[in-house]
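Asker: Sharing input-v9.cif, mmCIF, N, CA and C atoms:
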data_run
loop_
_atom_site.label_atom_id
_atom_site.label_comp_id
_atom_site.auth_asym_id
_atom_site.auth_seq_id
_atom_site.Cartn_x
_atom_site.Cartn_y
_atom_site.Cartn_z
N MET A 20 7.08 4.73 -17.25
CA MET A 20 6.54 3.62 -16.47
C MET A 20 5.03 3.55 -16.74
N SER A 21 4.53 2.38 -17.00
CA SER A 21 3.11 2.24 -17.31
C SER A 21 2.27 2.30 -16.03
N PRO A 22 0.99 2.68 -16.17
CA PRO A 22 0.12 2.76 -14.99
C PRO A 22 -0.05 1.40 -14.31
N MET A 23 -0.23 1.44 -13.01
CA MET A 23 -0.43 0.24 -12.20
C MET A 23 -1.76 0.38 -11.48
N LYS A 24 -2.46 -0.74 -11.31
CA LYS A 24 -3.71 -0.71 -10.55
C LYS A 24 -3.39 -0.55 -9.06
N ILE A 25 -4.25 0.17 -8.36
CA ILE A 25 -4.03 0.43 -6.93
C ILE A 25 -4.03 -0.88 -6.14
N ASP A 26 -4.81 -1.87 -6.57
CA ASP A 26 -4.85 -3.16 -5.87
C ASP A 26 -3.47 -3.83 -5.88
N SER A 27 -2.79 -3.74 -7.01
CA SER A 27 -1.46 -4.35 -7.11
C SER A 27 -0.46 -3.64 -6.20
N LEU A 28 -0.55 -2.33 -6.12
CA LEU A 28 0.36 -1.59 -5.25
C LEU A 28 0.11 -1.92 -3.78
N ILE A 29 -1.15 -2.03 -3.40
CA ILE A 29 -1.47 -2.35 -2.00
C ILE A 29 -0.92 -3.73 -1.64
N ARG A 30 -1.07 -4.70 -2.53
CA ARG A 30 -0.51 -6.05 -2.27
C ARG A 30 1.01 -6.00 -2.19
N LEU A 31 1.64 -5.19 -3.05
CA LEU A 31 3.09 -5.04 -3.03
C LEU A 31 3.55 -4.43 -1.70
N LEU A 32 2.89 -3.38 -1.26
CA LEU A 32 3.24 -2.75 0.02
C LEU A 32 3.05 -3.69 1.19
N ALA A 33 1.90 -4.37 1.23
CA ALA A 33 1.61 -5.27 2.34
C ALA A 33 2.61 -6.44 2.38
N GLY A 34 2.90 -7.00 1.23
CA GLY A 34 3.87 -8.10 1.18
C GLY A 34 5.25 -7.66 1.62
N SER A 35 5.65 -6.46 1.23
CA SER A 35 6.96 -5.94 1.63
C SER A 35 7.02 -5.73 3.14
N VAL A 36 5.95 -5.19 3.71
CA VAL A 36 5.91 -4.96 5.17
C VAL A 36 5.98 -6.30 5.91
N VAL A 37 5.29 -7.31 5.41
CA VAL A 37 5.32 -8.63 6.05
C VAL A 37 6.72 -9.24 5.99
N LEU A 38 7.35 -9.18 4.81
CA LEU A 38 8.70 -9.74 4.69
C LEU A 38 9.72 -8.99 5.54
N ILE A 39 9.66 -7.68 5.52
CA ILE A 39 10.61 -6.88 6.31
C ILE A 39 10.39 -7.11 7.80
N GLY A 40 9.13 -7.13 8.24
CA GLY A 40 8.84 -7.37 9.65
C GLY A 40 9.28 -8.75 10.12
N THR A 41 9.08 -9.74 9.27
CA THR A 41 9.49 -11.11 9.62
C THR A 41 11.01 -11.21 9.71
N ALA A 42 11.72 -10.60 8.75
CA ALA A 42 13.18 -10.62 8.78
C ALA A 42 13.71 -9.90 10.01
N LEU A 43 13.13 -8.75 10.33
CA LEU A 43 13.57 -8.02 11.52
C LEU A 43 13.28 -8.81 12.80
N ALA A 44 12.17 -9.53 12.82
CA ALA A 44 11.86 -10.35 13.99
C ALA A 44 12.89 -11.48 14.15
N TYR A 45 13.33 -12.04 13.05
CA TYR A 45 14.30 -13.13 13.10
C TYR A 45 15.68 -12.63 13.52
N PHE A 46 16.10 -11.50 12.94
CA PHE A 46 17.46 -11.02 13.15
C PHE A 46 17.62 -10.04 14.32
N VAL A 47 16.56 -9.33 14.69
CA VAL A 47 16.70 -8.27 15.69
C VAL A 47 15.93 -8.58 16.96
N SER A 48 14.60 -8.59 16.86
CA SER A 48 13.77 -8.79 18.06
C SER A 48 12.40 -9.31 17.64
N SER A 49 11.85 -10.17 18.45
CA SER A 49 10.52 -10.72 18.14
C SER A 49 9.43 -9.66 18.19
N TRP A 50 9.72 -8.51 18.79
CA TRP A 50 8.74 -7.42 18.81
C TRP A 50 8.42 -6.91 17.42
N TRP A 51 9.31 -7.14 16.46
CA TRP A 51 9.07 -6.71 15.08
C TRP A 51 7.92 -7.47 14.43
N LEU A 52 7.46 -8.56 15.06
CA LEU A 52 6.29 -9.28 14.52
C LEU A 52 5.02 -8.42 14.60
N LEU A 53 5.06 -7.36 15.37
CA LEU A 53 3.92 -6.44 15.41
C LEU A 53 3.73 -5.73 14.07
N LEU A 54 4.80 -5.54 13.32
CA LEU A 54 4.70 -4.86 12.03
C LEU A 54 3.87 -5.66 11.02
N PRO A 55 4.15 -6.95 10.79
CA PRO A 55 3.27 -7.70 9.89
C PRO A 55 1.86 -7.87 10.45
N ALA A 56 1.73 -7.93 11.77
CA ALA A 56 0.39 -8.02 12.37
C ALA A 56 -0.40 -6.75 12.05
N PHE A 57 0.25 -5.59 12.17
CA PHE A 57 -0.40 -4.32 11.84
C PHE A 57 -0.82 -4.29 10.37
N ALA A 58 0.05 -4.78 9.49
CA ALA A 58 -0.28 -4.81 8.05
C ALA A 58 -1.51 -5.68 7.81
N GLY A 59 -1.57 -6.83 8.46
CA GLY A 59 -2.72 -7.72 8.29
C GLY A 59 -4.00 -7.11 8.81
N VAL A 60 -3.94 -6.49 9.97
CA VAL A 60 -5.13 -5.84 10.54
C VAL A 60 -5.58 -4.69 9.64
N ASN A 61 -4.64 -3.94 9.10
CA ASN A 61 -4.98 -2.83 8.22
C ASN A 61 -5.64 -3.33 6.94
N LEU A 62 -5.15 -4.43 6.38
CA LEU A 62 -5.79 -5.00 5.18
C LEU A 62 -7.22 -5.44 5.48
N ILE A 63 -7.43 -6.08 6.61
CA ILE A 63 -8.77 -6.55 6.97
C ILE A 63 -9.72 -5.38 7.19
N GLN A 64 -9.28 -4.36 7.94
CA GLN A 64 -10.17 -3.23 8.20
C GLN A 64 -10.48 -2.48 6.92
N SER A 65 -9.54 -2.43 5.97
CA SER A 65 -9.80 -1.69 4.72
C SER A 65 -10.88 -2.36 3.88
N VAL A 66 -11.02 -3.66 4.01
CA VAL A 66 -12.08 -4.37 3.29
C VAL A 66 -13.45 -3.92 3.80
N PHE A 67 -13.58 -3.77 5.11
CA PHE A 67 -14.87 -3.43 5.70
C PHE A 67 -15.18 -1.94 5.70
N THR A 68 -14.13 -1.10 5.82
CA THR A 68 -14.37 0.34 5.96
C THR A 68 -14.08 1.12 4.69
N GLY A 69 -13.25 0.57 3.81
CA GLY A 69 -12.84 1.30 2.61
C GLY A 69 -11.75 2.32 2.90
N PHE A 70 -11.29 2.41 4.15
CA PHE A 70 -10.23 3.35 4.53
C PHE A 70 -8.88 2.74 4.21
N CYS A 71 -8.16 3.36 3.28
CA CYS A 71 -6.86 2.86 2.86
C CYS A 71 -5.91 4.04 2.72
N PRO A 72 -4.99 4.23 3.69
CA PRO A 72 -4.10 5.38 3.65
C PRO A 72 -3.29 5.54 2.35
N PRO A 73 -2.71 4.46 1.77
CA PRO A 73 -1.98 4.66 0.52
C PRO A 73 -2.87 5.19 -0.61
N SER A 74 -4.10 4.72 -0.70
CA SER A 74 -5.02 5.21 -1.73
C SER A 74 -5.33 6.68 -1.53
N MET A 75 -5.53 7.06 -0.28
CA MET A 75 -5.83 8.46 0.01
C MET A 75 -4.65 9.35 -0.34
N LEU A 76 -3.43 8.92 0.00
CA LEU A 76 -2.24 9.70 -0.30
C LEU A 76 -2.05 9.86 -1.81
N LEU A 77 -2.19 8.78 -2.56
CA LEU A 77 -2.02 8.86 -4.01
C LEU A 77 -3.10 9.73 -4.65
N GLY A 78 -4.31 9.68 -4.10
CA GLY A 78 -5.38 10.54 -4.61
C GLY A 78 -5.08 12.01 -4.38
N LYS A 79 -4.56 12.34 -3.19
CA LYS A 79 -4.22 13.74 -2.89
C LYS A 79 -3.06 14.24 -3.74
N LEU A 80 -2.15 13.33 -4.10
CA LEU A 80 -1.03 13.70 -4.96
C LEU A 80 -1.45 13.86 -6.42
N GLY A 81 -2.65 13.37 -6.74
CA GLY A 81 -3.12 13.43 -8.12
C GLY A 81 -2.59 12.31 -8.98
N TRP A 82 -2.10 11.26 -8.35
CA TRP A 82 -1.53 10.13 -9.08
C TRP A 82 -2.53 9.00 -9.32
N LEU A 83 -3.69 9.07 -8.69
CA LEU A 83 -4.69 8.01 -8.79
C LEU A 83 -5.90 8.54 -9.54
N ASP A 84 -6.27 7.86 -10.64
CA ASP A 84 -7.43 8.32 -11.40
C ASP A 84 -8.70 7.64 -10.91
N GLU A 85 -9.82 7.98 -11.53
CA GLU A 85 -11.13 7.45 -11.11
C GLU A 85 -11.25 5.95 -11.31
N ALA A 86 -10.48 5.39 -12.23
CA ALA A 86 -10.54 3.96 -12.52
C ALA A 86 -9.63 3.14 -11.60
N GLY A 87 -8.94 3.80 -10.68
CA GLY A 87 -8.06 3.09 -9.76
C GLY A 87 -6.69 2.79 -10.35
N MET A 88 -6.29 3.53 -11.38
CA MET A 88 -4.98 3.36 -11.99
C MET A 88 -4.03 4.42 -11.44
N ILE A 89 -2.80 4.01 -11.14
CA ILE A 89 -1.79 4.93 -10.62
C ILE A 89 -0.98 5.44 -11.80
N HIS A 90 -0.82 6.75 -11.86
CA HIS A 90 0.01 7.38 -12.88
C HIS A 90 1.19 8.01 -12.14
N TRP A 91 2.35 7.36 -12.16
CA TRP A 91 3.52 7.79 -11.41
C TRP A 91 3.92 9.19 -11.83
N GLY A 92 4.04 10.08 -10.88
CA GLY A 92 4.40 11.46 -11.15
C GLY A 92 3.22 12.32 -11.54
N GLY A 93 2.02 11.76 -11.53
CA GLY A 93 0.82 12.52 -11.88
C GLY A 93 0.43 12.32 -13.33
N ARG A 94 -0.77 12.75 -13.64
CA ARG A 94 -1.27 12.63 -15.01
C ARG A 94 -0.84 13.82 -15.83
N LYS A 95 -0.61 13.59 -17.10
CA LYS A 95 -0.24 14.67 -18.02
C LYS A 95 -1.46 15.53 -18.30
N ARG A 96 -1.25 16.81 -18.44
CA ARG A 96 -2.35 17.74 -18.76
C ARG A 96 -2.86 17.47 -20.17
N GLY A 97 -4.17 17.49 -20.32
CA GLY A 97 -4.78 17.30 -21.64
C GLY A 97 -4.91 15.87 -22.08
N VAL A 98 -4.55 14.92 -21.20
CA VAL A 98 -4.67 13.50 -21.57
C VAL A 98 -5.85 12.90 -20.88
#
The structure given in the file should be rewritten as structure tokens.
Answerer:
Amino acid sequence: MSPMKIDSLIRLLAGSVVLIGTALAYFVSSWWLLLPAFAGVNLIQSVFTGFCPPSMLLGKLGWLDEAGMIHWGGRKRGV
């Protein structure tokens, strides 16, 4: 799998949370609308604070390089 930019992954995660939360609100309970609201608030706060939990997790796993590229499963030694 080729490397992906962290920005693309964050948009993918946020979009998935919005779609899942909206579907759950339609089919289960309107309280599920809090899930997409949380995703939106988290995206806004990350712009101002730079705090992004997925980026931090990928960095700790060693999957995120200095250029913001994700290497699934970690980077190969010597590369």
Asker: Name the residues of chain A that come out as strand (DSSP E) in a backbone DSSP run; write them as a PyMOL selection string.
Answerer: chain A and resi 23-24+88-89
Asker: Where does the PyMOL selection byres ((chain A and resi 91) around 8) land in this file, that is, which residues does it pick, as an MDAnalysis selection string?
Answerer: chainID A and resid 20:23 81:83 88:90 92:94
Asker: CA of Trp51 in chain A to atom C of Ile39 in chain A: how many Å, to one decimal?
Answerer: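 Atom-to-atom, CA of Trp51 in chain A to atom C of Ile39 in chain A, that is 7.4 Å.
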Asker: Excluding Leu54 in chain A and any residue of its chain fewer than 6 positions from it, enumerate the residues within 8 Å of it, using only C-alpha atoms, and give them as JSON, numbers by chain.
Answerer: {"A": [36, 37, 40]}
Asker: What are the centre and edge lengths in Å, to one decimal, of the axis-aligned box around all listed atoms of range 23-28 of chain A with 3 Å added on each side, as lines of an AutoDock Vina configuration file?
Answerer:
center_x = -2.2
center_y = -1.5
center_z = -8.4
size_x = 11.2
size_y = 11.8
size_z = 15.2
Asker: Decode the PyMOL selection byres (((chain A and resi 59 and name CA) around 12) and name CA) for the given file into explicit residues and return them as a list in words.
Answerer: Ile29, Arg30, Leu32, Ala33, Gly34, Ser35, Val36, Val37, Gly40, Leu52, Leu53, Leu54, Pro55, Ala56, Phe57, Ala58, Val60, Asn61, Leu62, Ile63, Gln64, Ser65 and Val66 of chain A
Asker: When distances are computed from only C-alpha atoms, which of A:Trp50, A:Phe67, A:Pro72, A:Gly87 shows the smallest separation from Asp26 in chain A?
Answerer: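 Using only C-alpha atoms, Asp26 in chain A sits closest to A:Gly87.
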Asker: Can you tell me how far atom N of Leu28 in chain A sits from atom N of Asp84 in chain A, in Å to one decimal?
Answerer: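 These two atoms are separated by 12.5 Å.
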Asker: What is the atom C of Met75 in chain A to CA of Leu31 in chain A distance in Å?
Answerer: 16.6 Å
Asker: May I have all residues of chain A that DSSP, computed from the backbone, assigns to alpha helix (DSSP H), given as a ChimeraX atom specification?
Answerer: /A:25-46,53-68,72-80
